[in-house]
file my_file-v6.txt (compact mmCIF, C-alpha atoms)
# COMPACT_ATOMS: atom_id res chain seq x y z
CA MET A 1 184.35 -20.84 -44.51
CA ILE A 2 185.77 -17.47 -45.45
CA ALA A 3 188.50 -16.27 -43.13
CA SER A 4 187.70 -13.24 -41.05
CA GLY A 5 188.62 -10.03 -42.86
CA ARG A 6 189.09 -11.73 -46.24
CA LEU A 7 185.74 -10.72 -47.73
CA PRO A 8 186.13 -7.01 -46.98
CA ARG A 9 189.58 -7.02 -48.56
CA THR A 10 188.18 -8.74 -51.63
CA ILE A 11 185.40 -6.21 -51.91
CA ILE A 12 187.77 -3.29 -51.43
CA GLY A 13 190.10 -4.72 -54.06
CA GLY A 14 187.20 -5.09 -56.47
CA VAL A 15 186.09 -1.53 -55.86
CA ILE A 16 189.60 -0.23 -56.43
CA LEU A 17 189.86 -2.22 -59.64
CA ALA A 18 186.48 -0.93 -60.82
CA VAL A 19 187.44 2.67 -60.06
CA ALA A 20 190.76 2.23 -61.86
CA CYS A 21 188.96 0.81 -64.89
CA ALA A 22 186.51 3.70 -64.84
CA PHE A 23 189.29 6.27 -64.71
CA GLY A 24 191.09 4.41 -67.48
CA CYS A 25 188.00 4.53 -69.67
CA VAL A 26 187.61 8.25 -69.04
CA GLN A 27 191.27 8.82 -69.88
CA LEU A 28 190.97 6.84 -73.12
CA ALA A 29 187.79 8.74 -73.95
CA SER A 30 189.56 12.07 -73.38
CA ASP A 31 192.49 10.93 -75.51
CA SER A 32 190.20 9.98 -78.38
CA LEU A 33 188.44 13.34 -78.36
CA TYR A 34 191.74 15.24 -78.46
CA ALA A 35 193.52 12.87 -80.85
CA SER A 36 193.93 15.68 -83.40
CA VAL A 37 196.73 17.17 -81.27
CA ALA A 38 198.32 13.83 -80.41
CA VAL A 39 201.46 12.34 -81.94
CA PRO A 40 200.55 10.37 -85.10
CA GLY A 41 200.42 6.65 -84.38
CA SER A 42 200.16 7.11 -80.60
CA VAL A 43 197.47 5.42 -78.49
CA PRO A 44 195.04 8.39 -78.55
CA THR A 45 194.90 8.29 -82.36
CA ARG A 46 193.94 4.60 -82.24
CA VAL A 47 190.91 5.05 -79.97
CA PRO A 48 187.67 5.70 -81.93
CA VAL A 49 186.16 9.14 -81.37
CA ALA A 50 182.75 7.50 -81.09
CA PHE A 51 183.98 5.63 -77.99
CA GLY A 52 185.05 8.89 -76.37
CA LEU A 53 181.72 10.53 -77.12
CA ARG A 54 179.75 7.62 -75.67
CA VAL A 55 181.78 7.65 -72.47
CA TYR A 56 181.37 11.40 -72.01
CA GLU A 57 177.67 11.30 -72.85
CA LEU A 58 177.26 8.60 -70.20
CA LEU A 59 179.18 10.75 -67.71
CA ASP A 60 176.94 13.68 -68.59
CA ARG A 61 173.87 11.62 -67.69
CA ILE A 62 175.12 10.13 -64.43
CA ALA A 63 177.57 12.76 -63.13
CA PRO A 64 177.38 16.02 -65.08
CA ALA A 65 180.41 18.21 -64.42
CA GLN A 66 182.04 21.31 -65.83
CA TYR A 67 184.79 19.46 -67.69
CA VAL A 68 182.27 17.01 -69.18
CA GLU A 69 180.06 19.76 -70.60
CA ASP A 70 183.15 21.60 -71.84
CA THR A 71 184.54 18.52 -73.57
CA LEU A 72 181.21 17.62 -75.20
CA GLY A 73 180.68 21.23 -76.26
CA ASN A 74 184.10 21.40 -77.87
CA ALA A 75 183.56 18.07 -79.59
CA ALA A 76 180.22 19.24 -80.97
CA LEU A 77 181.79 22.47 -82.20
CA ALA A 78 184.60 20.53 -83.88
CA ARG A 79 181.94 18.52 -85.73
CA GLY A 80 180.30 21.76 -86.88
CA ASP A 81 177.26 21.37 -84.64
CA ALA A 82 177.12 24.86 -83.12
CA PRO A 83 173.55 24.52 -81.69
CA LEU A 84 174.51 21.39 -79.73
CA ALA A 85 177.75 23.01 -78.59
CA GLN A 86 175.79 25.98 -77.29
CA ARG A 87 173.42 23.72 -75.35
CA TYR A 88 176.39 22.19 -73.57
CA ALA A 89 178.00 25.60 -73.01
CA LEU A 90 174.87 27.05 -71.43
CA ARG A 91 174.81 24.19 -68.93
CA MET A 92 178.29 25.15 -67.71
CA GLU A 93 178.87 27.36 -64.72
CA PRO A 94 179.66 31.02 -65.54
CA GLY A 95 183.38 31.49 -65.97
CA ALA A 96 186.28 31.65 -68.35
CA ARG A 97 185.83 28.19 -69.92
CA ARG A 98 182.16 28.87 -70.61
CA ASP A 99 182.89 32.30 -72.08
CA ASP A 100 185.67 30.90 -74.25
CA LEU A 101 183.43 28.17 -75.65
CA LEU A 102 180.58 30.61 -76.26
CA GLY A 103 183.02 32.95 -78.01
CA ARG A 104 184.20 30.23 -80.37
CA ILE A 105 180.61 29.19 -81.04
CA ALA A 106 179.80 32.79 -81.96
CA LEU A 107 182.80 32.82 -84.31
CA ALA A 108 181.56 29.65 -85.99
CA ARG A 109 178.23 31.38 -86.56
CA GLY A 110 179.84 34.50 -87.98
CA GLU A 111 178.75 36.62 -85.01
CA ASP A 112 182.06 38.46 -84.69
CA THR A 113 180.93 41.24 -82.36
CA LEU A 114 179.41 38.79 -79.89
CA ALA A 115 182.48 36.55 -80.21
CA ARG A 116 184.78 39.42 -79.28
CA GLU A 117 182.73 40.15 -76.17
CA TYR A 118 183.05 36.58 -74.94
CA LEU A 119 186.70 36.15 -75.93
CA PHE A 120 187.54 39.47 -74.24
CA VAL A 121 186.26 38.45 -70.83
CA ALA A 122 187.47 34.81 -71.07
CA PRO A 123 190.19 35.95 -71.97
CA ASP A 124 191.31 33.90 -74.98
CA VAL A 125 194.45 35.83 -75.92
CA ASP A 126 195.23 34.11 -79.22
CA LEU A 127 191.71 34.21 -80.64
CA MET A 128 191.12 37.73 -79.35
CA GLN A 129 194.26 39.01 -81.06
CA GLN A 130 193.19 37.33 -84.29
CA GLN A 131 189.87 39.14 -84.02
CA VAL A 132 191.55 42.49 -83.37
CA ARG A 133 193.76 42.05 -86.44
CA ALA A 134 190.74 41.15 -88.57
CA LEU A 135 188.83 44.17 -87.26
CA ALA A 136 191.84 46.41 -88.00
CA LEU A 137 191.46 45.67 -91.72
CA ARG A 138 187.95 47.12 -91.66
CA ASP A 139 188.02 49.65 -88.84
CA PRO A 140 191.52 50.37 -87.49
CA ARG A 141 190.30 53.03 -85.08
CA ALA A 142 187.89 50.61 -83.39
CA ALA A 143 190.54 47.87 -83.39
CA TYR A 144 193.09 50.17 -81.76
CA ALA A 145 190.66 51.17 -79.00
CA LEU A 146 189.67 47.54 -78.46
CA GLU A 147 193.31 46.42 -78.24
CA LEU A 148 194.14 49.04 -75.62
CA ARG A 149 191.13 47.96 -73.56
CA PHE A 150 192.15 44.32 -73.93
CA VAL A 151 195.74 44.83 -72.78
CA ALA A 152 194.49 46.83 -69.80
CA HIS A 153 192.16 43.93 -69.01
CA LEU A 154 195.02 41.43 -69.29
CA ALA A 155 197.23 43.55 -67.04
CA ALA A 156 194.47 43.84 -64.44
CA LEU A 157 194.08 40.06 -64.43
CA GLY A 158 197.80 39.63 -63.78
CA THR A 159 198.39 37.98 -67.15
CA HIS A 160 202.01 37.17 -68.00
CA PRO A 161 203.83 40.35 -69.14
CA ASP A 162 204.77 38.73 -72.46
CA ALA A 163 201.10 38.55 -73.49
CA VAL A 164 200.52 42.15 -72.41
CA ALA A 165 203.65 43.27 -74.28
CA ASP A 166 202.46 41.57 -77.45
CA GLY A 167 199.15 43.37 -77.11
CA TYR A 168 200.90 46.74 -76.99
CA TRP A 169 202.97 45.74 -80.01
CA ILE A 170 199.78 44.95 -81.95
CA ALA A 171 198.33 48.29 -80.85
CA GLY A 172 201.47 49.95 -82.19
CA LEU A 173 201.08 48.23 -85.56
CA ILE A 174 197.49 49.42 -85.81
CA ALA A 175 198.46 52.97 -84.81
CA GLU A 176 201.09 52.96 -87.56
CA THR A 177 198.51 52.03 -90.19
CA MET A 178 196.46 55.03 -89.10
CA GLY A 179 199.47 57.34 -89.31
CA HIS A 180 199.41 57.89 -85.54
CA HIS A 181 203.17 57.64 -85.16
CA ALA A 182 203.44 59.05 -81.65
CA ASP A 183 200.85 56.53 -80.42
CA ALA A 184 202.73 53.73 -82.19
CA LEU A 185 206.02 54.73 -80.56
CA ARG A 186 204.38 54.92 -77.14
CA ALA A 187 202.91 51.43 -77.58
CA TYR A 188 206.18 49.92 -78.81
CA ARG A 189 208.15 51.44 -75.93
CA THR A 190 205.61 50.06 -73.46
CA ALA A 191 205.97 46.62 -75.03
CA MET A 192 209.75 46.92 -74.78
CA THR A 193 209.53 47.92 -71.13
CA LEU A 194 207.43 44.84 -70.37
CA ALA A 195 209.66 42.48 -72.35
CA PRO A 196 213.06 44.19 -72.70
CA LEU A 197 214.82 41.13 -74.11
CA ASP A 198 212.44 40.62 -77.02
CA MET A 199 214.11 42.09 -80.10
CA LYS A 200 210.78 42.39 -81.92
CA TYR A 201 209.73 45.14 -79.55
CA VAL A 202 213.18 46.72 -79.35
CA LEU A 203 213.45 47.08 -83.12
CA ALA A 204 209.85 48.25 -83.44
CA ALA A 205 210.45 51.05 -80.92
CA ALA A 206 213.85 52.04 -82.30
CA ASN A 207 212.78 52.03 -85.93
CA GLN A 208 209.61 53.94 -85.15
CA ALA A 209 211.62 56.63 -83.36
CA PHE A 210 214.05 56.73 -86.29
CA SER A 211 211.21 57.18 -88.79
CA MET A 212 209.96 60.11 -86.70
CA HIS A 213 213.45 61.69 -86.70
CA GLU A 214 213.60 61.23 -82.93
CA ASP A 215 217.29 60.24 -82.82
CA ALA A 216 217.57 61.09 -79.14
CA ILE A 217 214.99 58.38 -78.43
CA ALA A 218 216.14 55.90 -81.07
CA THR A 219 219.85 55.89 -80.17
CA PRO A 220 219.61 54.47 -76.63
CA ILE A 221 217.07 51.91 -77.81
CA TYR A 222 219.42 50.71 -80.56
CA ARG A 223 222.22 50.56 -77.98
CA HIS A 224 220.01 48.47 -75.72
CA GLY A 225 219.29 46.23 -78.70
CA LEU A 226 223.01 45.71 -79.22
CA ASP A 227 223.34 44.56 -75.60
CA VAL A 228 220.47 42.11 -76.13
CA ASP A 229 221.65 40.79 -79.51
CA PRO A 230 225.13 41.85 -80.64
CA GLY A 231 224.57 39.91 -83.86
CA SER A 232 221.58 41.92 -85.06
CA ALA A 233 222.37 43.51 -88.42
CA ASP A 234 219.33 45.77 -88.08
CA VAL A 235 220.54 47.14 -84.76
CA LEU A 236 224.04 47.73 -86.17
CA GLY A 237 222.54 49.44 -89.19
CA GLY A 238 220.41 51.62 -86.95
CA LEU A 239 223.41 52.60 -84.84
CA GLY A 240 225.29 53.44 -88.04
CA ILE A 241 222.49 55.76 -89.10
CA MET A 242 222.48 57.41 -85.70
CA ALA A 243 226.27 57.90 -85.94
CA LEU A 244 225.95 59.37 -89.42
CA HIS A 245 223.30 61.81 -88.23
CA ARG A 246 225.74 62.96 -85.54
CA GLY A 247 228.33 63.58 -88.24
CA ASP A 248 230.44 60.55 -87.30
CA ARG A 249 230.88 59.00 -90.73
CA ALA A 250 233.80 56.79 -89.65
CA SER A 251 231.69 55.06 -87.01
CA ALA A 252 228.82 54.73 -89.48
CA LEU A 253 231.14 52.94 -91.93
CA ARG A 254 232.32 50.56 -89.20
CA TYR A 255 228.75 49.73 -88.20
CA ALA A 256 227.92 49.18 -91.88
CA ALA A 257 230.81 46.75 -92.29
CA ARG A 258 229.77 44.77 -89.20
CA ALA A 259 226.14 44.62 -90.30
CA ARG A 260 227.09 43.60 -93.85
CA ALA A 261 229.13 40.68 -92.54
CA ILE A 262 226.07 39.42 -90.64
CA ASP A 263 223.25 40.07 -93.12
CA PRO A 264 223.86 42.05 -96.32
CA HIS A 265 220.10 42.19 -96.90
CA SER A 266 219.22 43.82 -93.58
CA GLY A 267 216.68 46.58 -94.00
CA MET A 268 218.46 49.01 -91.70
CA LEU A 269 221.81 48.26 -93.36
CA LEU A 270 220.32 49.07 -96.76
CA GLU A 271 218.97 52.33 -95.33
CA LEU A 272 222.39 53.14 -93.87
CA GLU A 273 224.10 52.43 -97.19
CA ARG A 274 221.60 54.69 -98.94
CA GLU A 275 222.36 57.53 -96.53
CA LEU A 276 226.12 56.95 -96.90
CA ARG A 277 226.03 57.57 -100.64

call {"tool": "encode", "arguments": {"input": "my_file-v6.txt", "output": "structure tokens"}}
result
Amino acid sequence: MIASGRLPRTIIGGVILAVACAFGCVQLASDSLYASVAVPGSVPTRVPVAFGLRVYELLDRIAPAQYVEDTLGNAALARGDAPLAQRYALRMEPGARRDDLLGRIALARGEDTLAREYLFVAPDVDLMQQQVRALALRDPRAAYALELRFVAHLAALGTHPDAVADGYWIAGLIAETMGHHADALRAYRTAMTLAPLDMKYVLAAANQAFSMHEDAIATPIYRHGLDVDPGSADVLGGLGIMALHRGDRASALRYAARARAIDPHSGMLLELERELR
């Protein structure tokens, strides 16, 4: 005779074990489908992709969920099956993950305009910026306008300032290619304001101001750059040029010597040496 209370505990234990096995299978299935980003030789790379697909297809039949459709859609897209990927995507609830998947499906089909619309609202920052750069090669004016709209969208969403700053930097690069130097400077300075410790933006703003003969703007930016990175040969070269323009040749020579000791091939050092001749 089974002791009172023993059978329920046995059943509960069996249920817990079954649930744990189910979760384990799902985890292994997920690992197999994302093995391409796993460490070589790790467990995920040893689980057949076909196993992962079967598990997720079973889940899709018995308990369809957003992450299941998303995973199957991504797997189909990775196999080059855009129509199947789209079927899974259209079964997802409206939202960022759905838009991102639809955007990448459109890219796979060569539908760049549609892809940009989806990636914009998702927003998929990396893919969207790749699309803006590609568009800039064909139509820089349209790419510049799109980038400004995108960074405004990112800012409105509360996206991390680093991503917004990078967007302004890209807008500045595009403006430069169009010869819109004032727009480029404005974009670079905005990027620098958002991420003041990133030397990429500091140098872009300072060098753009220098190229426009705006020494009053360039000088404090170079000085800020020196506070951020005292070992930047480009900043030292820029400060030397600013000193030379003020008629302070002695300071320019000192900046040149410091920059040369750090990087004799620095672009701004070479420009300073040219102006010192």

call {"tool": "residues_near_point", "arguments": {"input": "my_file-v6.txt", "point": "(222.6, 56.0, -91.2)", "cutoff": "6 Å", "atoms": "only C-alpha atoms", "output": "VMD selection string"}}
result
chain A and resid 240 to 242 244 272 275

call {"tool": "write_last_selection", "arguments": {"input": "my_file-v6.txt", "atoms": "C-alpha atoms", "output": "PDB file, keeping the file's coordinate frame"}}
result
ATOM      1  CA  GLY A 240     225.290  53.440 -88.040  1.00  0.00           C
ATOM      2  CA  ILE A 241     222.490  55.760 -89.100  1.00  0.00           C
ATOM      3  CA  MET A 242     222.480  57.410 -85.700  1.00  0.00           C
ATOM      4  CA  LEU A 244     225.950  59.370 -89.420  1.00  0.00           C
ATOM      5  CA  LEU A 272     222.390  53.140 -93.870  1.00  0.00           C
ATOM      6  CA  GLU A 275     222.360  57.530 -96.530  1.00  0.00           C
TER       7      GLU A 275
END

call {"tool": "residues_around", "arguments": {"input": "my_file-v6.txt", "residues": "region 143-149 of chain A", "least_positions_apart": "2", "cutoff": "10 Å", "atoms": "all atoms listed in the file", "output": "PyMOL selection string"}}
result
chain A and resi 116+120+128-129+131-141+151-155+164+167-175+178+187

call {"tool": "write_last_selection", "arguments": {"input": "my_file-v6.txt", "atoms": "C-alpha atoms", "output": "compact mmCIF listing (two decimals), in the frame of the given file"}}
result
# COMPACT_ATOMS: atom_id res chain seq x y z
CA ARG A 116 184.78 39.42 -79.28
CA PHE A 120 187.54 39.47 -74.24
CA MET A 128 191.12 37.73 -79.35
CA GLN A 129 194.26 39.01 -81.06
CA GLN A 131 189.87 39.14 -84.02
CA VAL A 132 191.55 42.49 -83.37
CA ARG A 133 193.76 42.05 -86.44
CA ALA A 134 190.74 41.15 -88.57
CA LEU A 135 188.83 44.17 -87.26
CA ALA A 136 191.84 46.41 -88.00
CA LEU A 137 191.46 45.67 -91.72
CA ARG A 138 187.95 47.12 -91.66
CA ASP A 139 188.02 49.65 -88.84
CA PRO A 140 191.52 50.37 -87.49
CA ARG A 141 190.30 53.03 -85.08
CA VAL A 151 195.74 44.83 -72.78
CA ALA A 152 194.49 46.83 -69.80
CA HIS A 153 192.16 43.93 -69.01
CA LEU A 154 195.02 41.43 -69.29
CA ALA A 155 197.23 43.55 -67.04
CA VAL A 164 200.52 42.15 -72.41
CA GLY A 167 199.15 43.37 -77.11
CA TYR A 168 200.90 46.74 -76.99
CA TRP A 169 202.97 45.74 -80.01
CA ILE A 170 199.78 44.95 -81.95
CA ALA A 171 198.33 48.29 -80.85
CA GLY A 172 201.47 49.95 -82.19
CA LEU A 173 201.08 48.23 -85.56
CA ILE A 174 197.49 49.42 -85.81
CA ALA A 175 198.46 52.97 -84.81
CA MET A 178 196.46 55.03 -89.10
CA ALA A 187 202.91 51.43 -77.58

call {"tool": "atom_distance", "arguments": {"input": "my_file-v6.txt", "atom1": "CA of Ala191 (chain A)", "atom2": "CA of Asp166 (chain A)"}}
result
6.6 Å

call {"tool": "residues_around", "arguments": {"input": "my_file-v6.txt", "residues": "region 193-203 of chain A", "least_positions_apart": "2", "cutoff": "9 Å", "atoms": "only C-alpha atoms", "output": "list in words"}}
result
Pro161, Asp162, Val164, Ala165, Asp166, Trp169, Tyr188, Arg189, Thr190, Ala191, Ala205, Ala206, Asn207, Gln208, Ile221, Tyr222, His224, Gly225, Val228, Asp229, Ser232, Asp234 and Val235 of chain A

call {"tool": "write_last_selection", "arguments": {"input": "my_file-v6.txt", "atoms": "C-alpha atoms", "output": "PDB file, in the coordinates of the input"}}
result
ATOM      1  CA  PRO A 161     203.830  40.350 -69.140  1.00  0.00           C
ATOM      2  CA  ASP A 162     204.770  38.730 -72.460  1.00  0.00           C
ATOM      3  CA  VAL A 164     200.520  42.150 -72.410  1.00  0.00           C
ATOM      4  CA  ALA A 165     203.650  43.270 -74.280  1.00  0.00           C
ATOM      5  CA  ASP A 166     202.460  41.570 -77.450  1.00  0.00           C
ATOM      6  CA  TRP A 169     202.970  45.740 -80.010  1.00  0.00           C
ATOM      7  CA  TYR A 188     206.180  49.920 -78.810  1.00  0.00           C
ATOM      8  CA  ARG A 189     208.150  51.440 -75.930  1.00  0.00           C
ATOM      9  CA  THR A 190     205.610  50.060 -73.460  1.00  0.00           C
ATOM     10  CA  ALA A 191     205.970  46.620 -75.030  1.00  0.00           C
ATOM     11  CA  ALA A 205     210.450  51.050 -80.920  1.00  0.00           C
ATOM     12  CA  ALA A 206     213.850  52.040 -82.300  1.00  0.00           C
ATOM     13  CA  ASN A 207     212.780  52.030 -85.930  1.00  0.00           C
ATOM     14  CA  GLN A 208     209.610  53.940 -85.150  1.00  0.00           C
ATOM     15  CA  ILE A 221     217.070  51.910 -77.810  1.00  0.00           C
ATOM     16  CA  TYR A 222     219.420  50.710 -80.560  1.00  0.00           C
ATOM     17  CA  HIS A 224     220.010  48.470 -75.720  1.00  0.00           C
ATOM     18  CA  GLY A 225     219.290  46.230 -78.700  1.00  0.00           C
ATOM     19  CA  VAL A 228     220.470  42.110 -76.130  1.00  0.00           C
ATOM     20  CA  ASP A 229     221.650  40.790 -79.510  1.00  0.00           C
ATOM     21  CA  SER A 232     221.580  41.920 -85.060  1.00  0.00           C
ATOM     22  CA  ASP A 234     219.330  45.770 -88.080  1.00  0.00           C
ATOM     23  CA  VAL A 235     220.540  47.140 -84.760  1.00  0.00           C
TER      24      VAL A 235
END

call {"tool": "residues_around", "arguments": {"input": "my_file-v6.txt", "residues": "region 260-264 of chain A", "least_positions_apart": "5", "cutoff": "8 Å", "atoms": "only C-alpha atoms", "output": "list of chain:residue names"}}
result
A:Gly231, A:Ser232, A:Ala233, A:Leu269, A:Leu270

call {"tool": "write_last_selection", "arguments": {"input": "my_file-v6.txt", "atoms": "C-alpha atoms", "output": "PDB file, keeping the file's coordinate frame"}}
result
ATOM      1  CA  GLY A 231     224.570  39.910 -83.860  1.00  0.00           C
ATOM      2  CA  SER A 232     221.580  41.920 -85.060  1.00  0.00           C
ATOM      3  CA  ALA A 233     222.370  43.510 -88.420  1.00  0.00           C
ATOM      4  CA  LEU A 269     221.810  48.260 -93.360  1.00  0.00           C
ATOM      5  CA  LEU A 270     220.320  49.070 -96.760  1.00  0.00           C
TER       6      LEU A 270
END

call {"tool": "closest_residue", "arguments": {"input": "my_file-v6.txt", "among": "A:Gln86, A:Met212, A:Arg79, A:Arg274", "to": "Asp183 (chain A)", "atoms": "all atoms listed in the file"}}
result
A:Met212

call {"tool": "atom_distance", "arguments": {"input": "my_file-v6.txt", "atom1": "CA of Thr159 (chain A)", "atom2": "CA of Asp124 (chain A)"}}
result
11.3 Å

call {"tool": "atom_distance", "arguments": {"input": "my_file-v6.txt", "atom1": "CA of Arg186 (chain A)", "atom2": "CA of Met268 (chain A)"}}
result
21.1 Å

call {"tool": "residues_around", "arguments": {"input": "my_file-v6.txt", "residues": "Tyr118 (chain A)", "least_positions_apart": "6", "cutoff": "10 Å", "atoms": "only C-alpha atoms", "output": "list in words"}}
result
Ala96, Arg98, Asp99, Asp100, Leu101, Leu102, Gly103, Arg104, Ile105, Ala106, Asp112, Asp124 and Met128 of chain A

call {"tool": "axis_aligned_box", "arguments": {"input": "my_file-v6.txt", "around": "region 265-277 of chain A", "padding_each_side": "6 Å", "output": "AutoDock Vina command-line options"}}
result
--center_x 221.4 --center_y 49.9 --center_z -96.2 --size_x 21.4 --size_y 27.4 --size_z 20.9

call {"tool": "residues_around", "arguments": {"input": "my_file-v6.txt", "residues": "Ala209 (chain A)", "least_positions_apart": "6", "cutoff": "9 Å", "atoms": "all atoms listed in the file", "output": "list in words"}}
result
His181, Ala182, Leu185, Asp215, Ala216, Ile217, Ala218 and Thr219 of chain A

call {"tool": "decode", "arguments": {"input": "my_file-v6.txt", "residues": "region 106-180 of chain A", "atoms": "C-alpha atoms", "output": "short mmCIF file (atom, residue, chain, number, x, y, z; two decimals), in the first residue's frame"}}
result
data_model
loop_
_atom_site.label_atom_id
_atom_site.label_comp_id
_atom_site.auth_asym_id
_atom_site.auth_seq_id
_atom_site.Cartn_x
_atom_site.Cartn_y
_atom_site.Cartn_z
CA ALA A 106 13.44 42.97 -47.69
CA LEU A 107 17.23 43.40 -47.82
CA ALA A 108 17.64 39.77 -48.84
CA ARG A 109 15.19 40.40 -51.68
CA GLY A 110 16.98 43.53 -52.81
CA GLU A 111 14.06 45.77 -51.79
CA ASP A 112 16.25 48.47 -50.24
CA THR A 113 13.62 51.19 -49.92
CA LEU A 114 11.20 48.89 -48.13
CA ALA A 115 14.04 47.56 -45.97
CA ARG A 116 14.95 51.06 -44.83
CA GLU A 117 11.36 51.73 -43.82
CA TYR A 118 11.25 48.66 -41.60
CA LEU A 119 14.77 49.08 -40.19
CA PHE A 120 14.02 52.74 -39.42
CA VAL A 121 11.03 52.02 -37.20
CA ALA A 122 12.53 48.87 -35.61
CA PRO A 123 15.08 50.52 -35.12
CA ASP A 124 18.04 48.37 -36.18
CA VAL A 125 20.86 50.88 -35.74
CA ASP A 126 23.68 48.89 -37.31
CA LEU A 127 21.78 47.78 -40.41
CA MET A 128 20.14 51.17 -40.82
CA GLN A 129 23.50 52.94 -40.76
CA GLN A 130 24.83 50.49 -43.34
CA GLN A 131 21.87 51.35 -45.55
CA VAL A 132 22.42 55.09 -45.11
CA ARG A 133 26.07 54.73 -46.11
CA ALA A 134 25.12 52.69 -49.17
CA LEU A 135 22.49 55.26 -50.15
CA ALA A 136 25.04 58.07 -49.71
CA LEU A 137 27.11 56.62 -52.57
CA ARG A 138 24.17 57.04 -54.93
CA ASP A 139 22.21 59.95 -53.48
CA PRO A 140 24.04 61.82 -50.70
CA ARG A 141 21.31 64.42 -50.34
CA ALA A 142 18.66 61.78 -49.65
CA ALA A 143 21.04 59.90 -47.34
CA TYR A 144 21.77 63.06 -45.36
CA ALA A 145 18.07 63.82 -44.89
CA LEU A 146 17.37 60.21 -43.93
CA GLU A 147 20.20 60.19 -41.38
CA LEU A 148 18.96 63.35 -39.69
CA ARG A 149 15.46 61.87 -39.46
CA PHE A 150 16.89 58.64 -38.07
CA VAL A 151 18.94 60.29 -35.32
CA ALA A 152 15.91 62.37 -34.34
CA HIS A 153 13.92 59.13 -34.16
CA LEU A 154 16.61 57.49 -32.00
CA ALA A 155 16.72 60.49 -29.68
CA ALA A 156 12.93 60.48 -29.32
CA LEU A 157 13.04 56.79 -28.38
CA GLY A 158 15.60 57.51 -25.66
CA THR A 159 18.31 55.52 -27.43
CA HIS A 160 21.76 55.59 -25.80
CA PRO A 161 23.52 58.90 -26.62
CA ASP A 162 26.47 57.04 -28.17
CA ALA A 163 24.26 55.69 -30.96
CA VAL A 164 22.74 59.13 -31.54
CA ALA A 165 26.21 60.71 -31.57
CA ASP A 166 27.42 58.22 -34.16
CA GLY A 167 24.41 59.09 -36.30
CA TYR A 168 25.33 62.77 -36.25
CA TRP A 169 28.92 61.86 -37.12
CA ILE A 170 27.70 59.91 -40.16
CA ALA A 171 25.52 62.87 -41.14
CA GLY A 172 28.62 65.06 -40.92
CA LEU A 173 30.57 62.73 -43.20
CA ILE A 174 27.79 62.83 -45.77
CA ALA A 175 27.53 66.63 -45.54
CA GLU A 176 31.27 66.86 -46.17
CA THR A 177 30.98 64.81 -49.36
CA MET A 178 28.37 67.29 -50.59
CA GLY A 179 30.59 70.26 -49.76
CA HIS A 180 28.17 71.43 -47.05
#
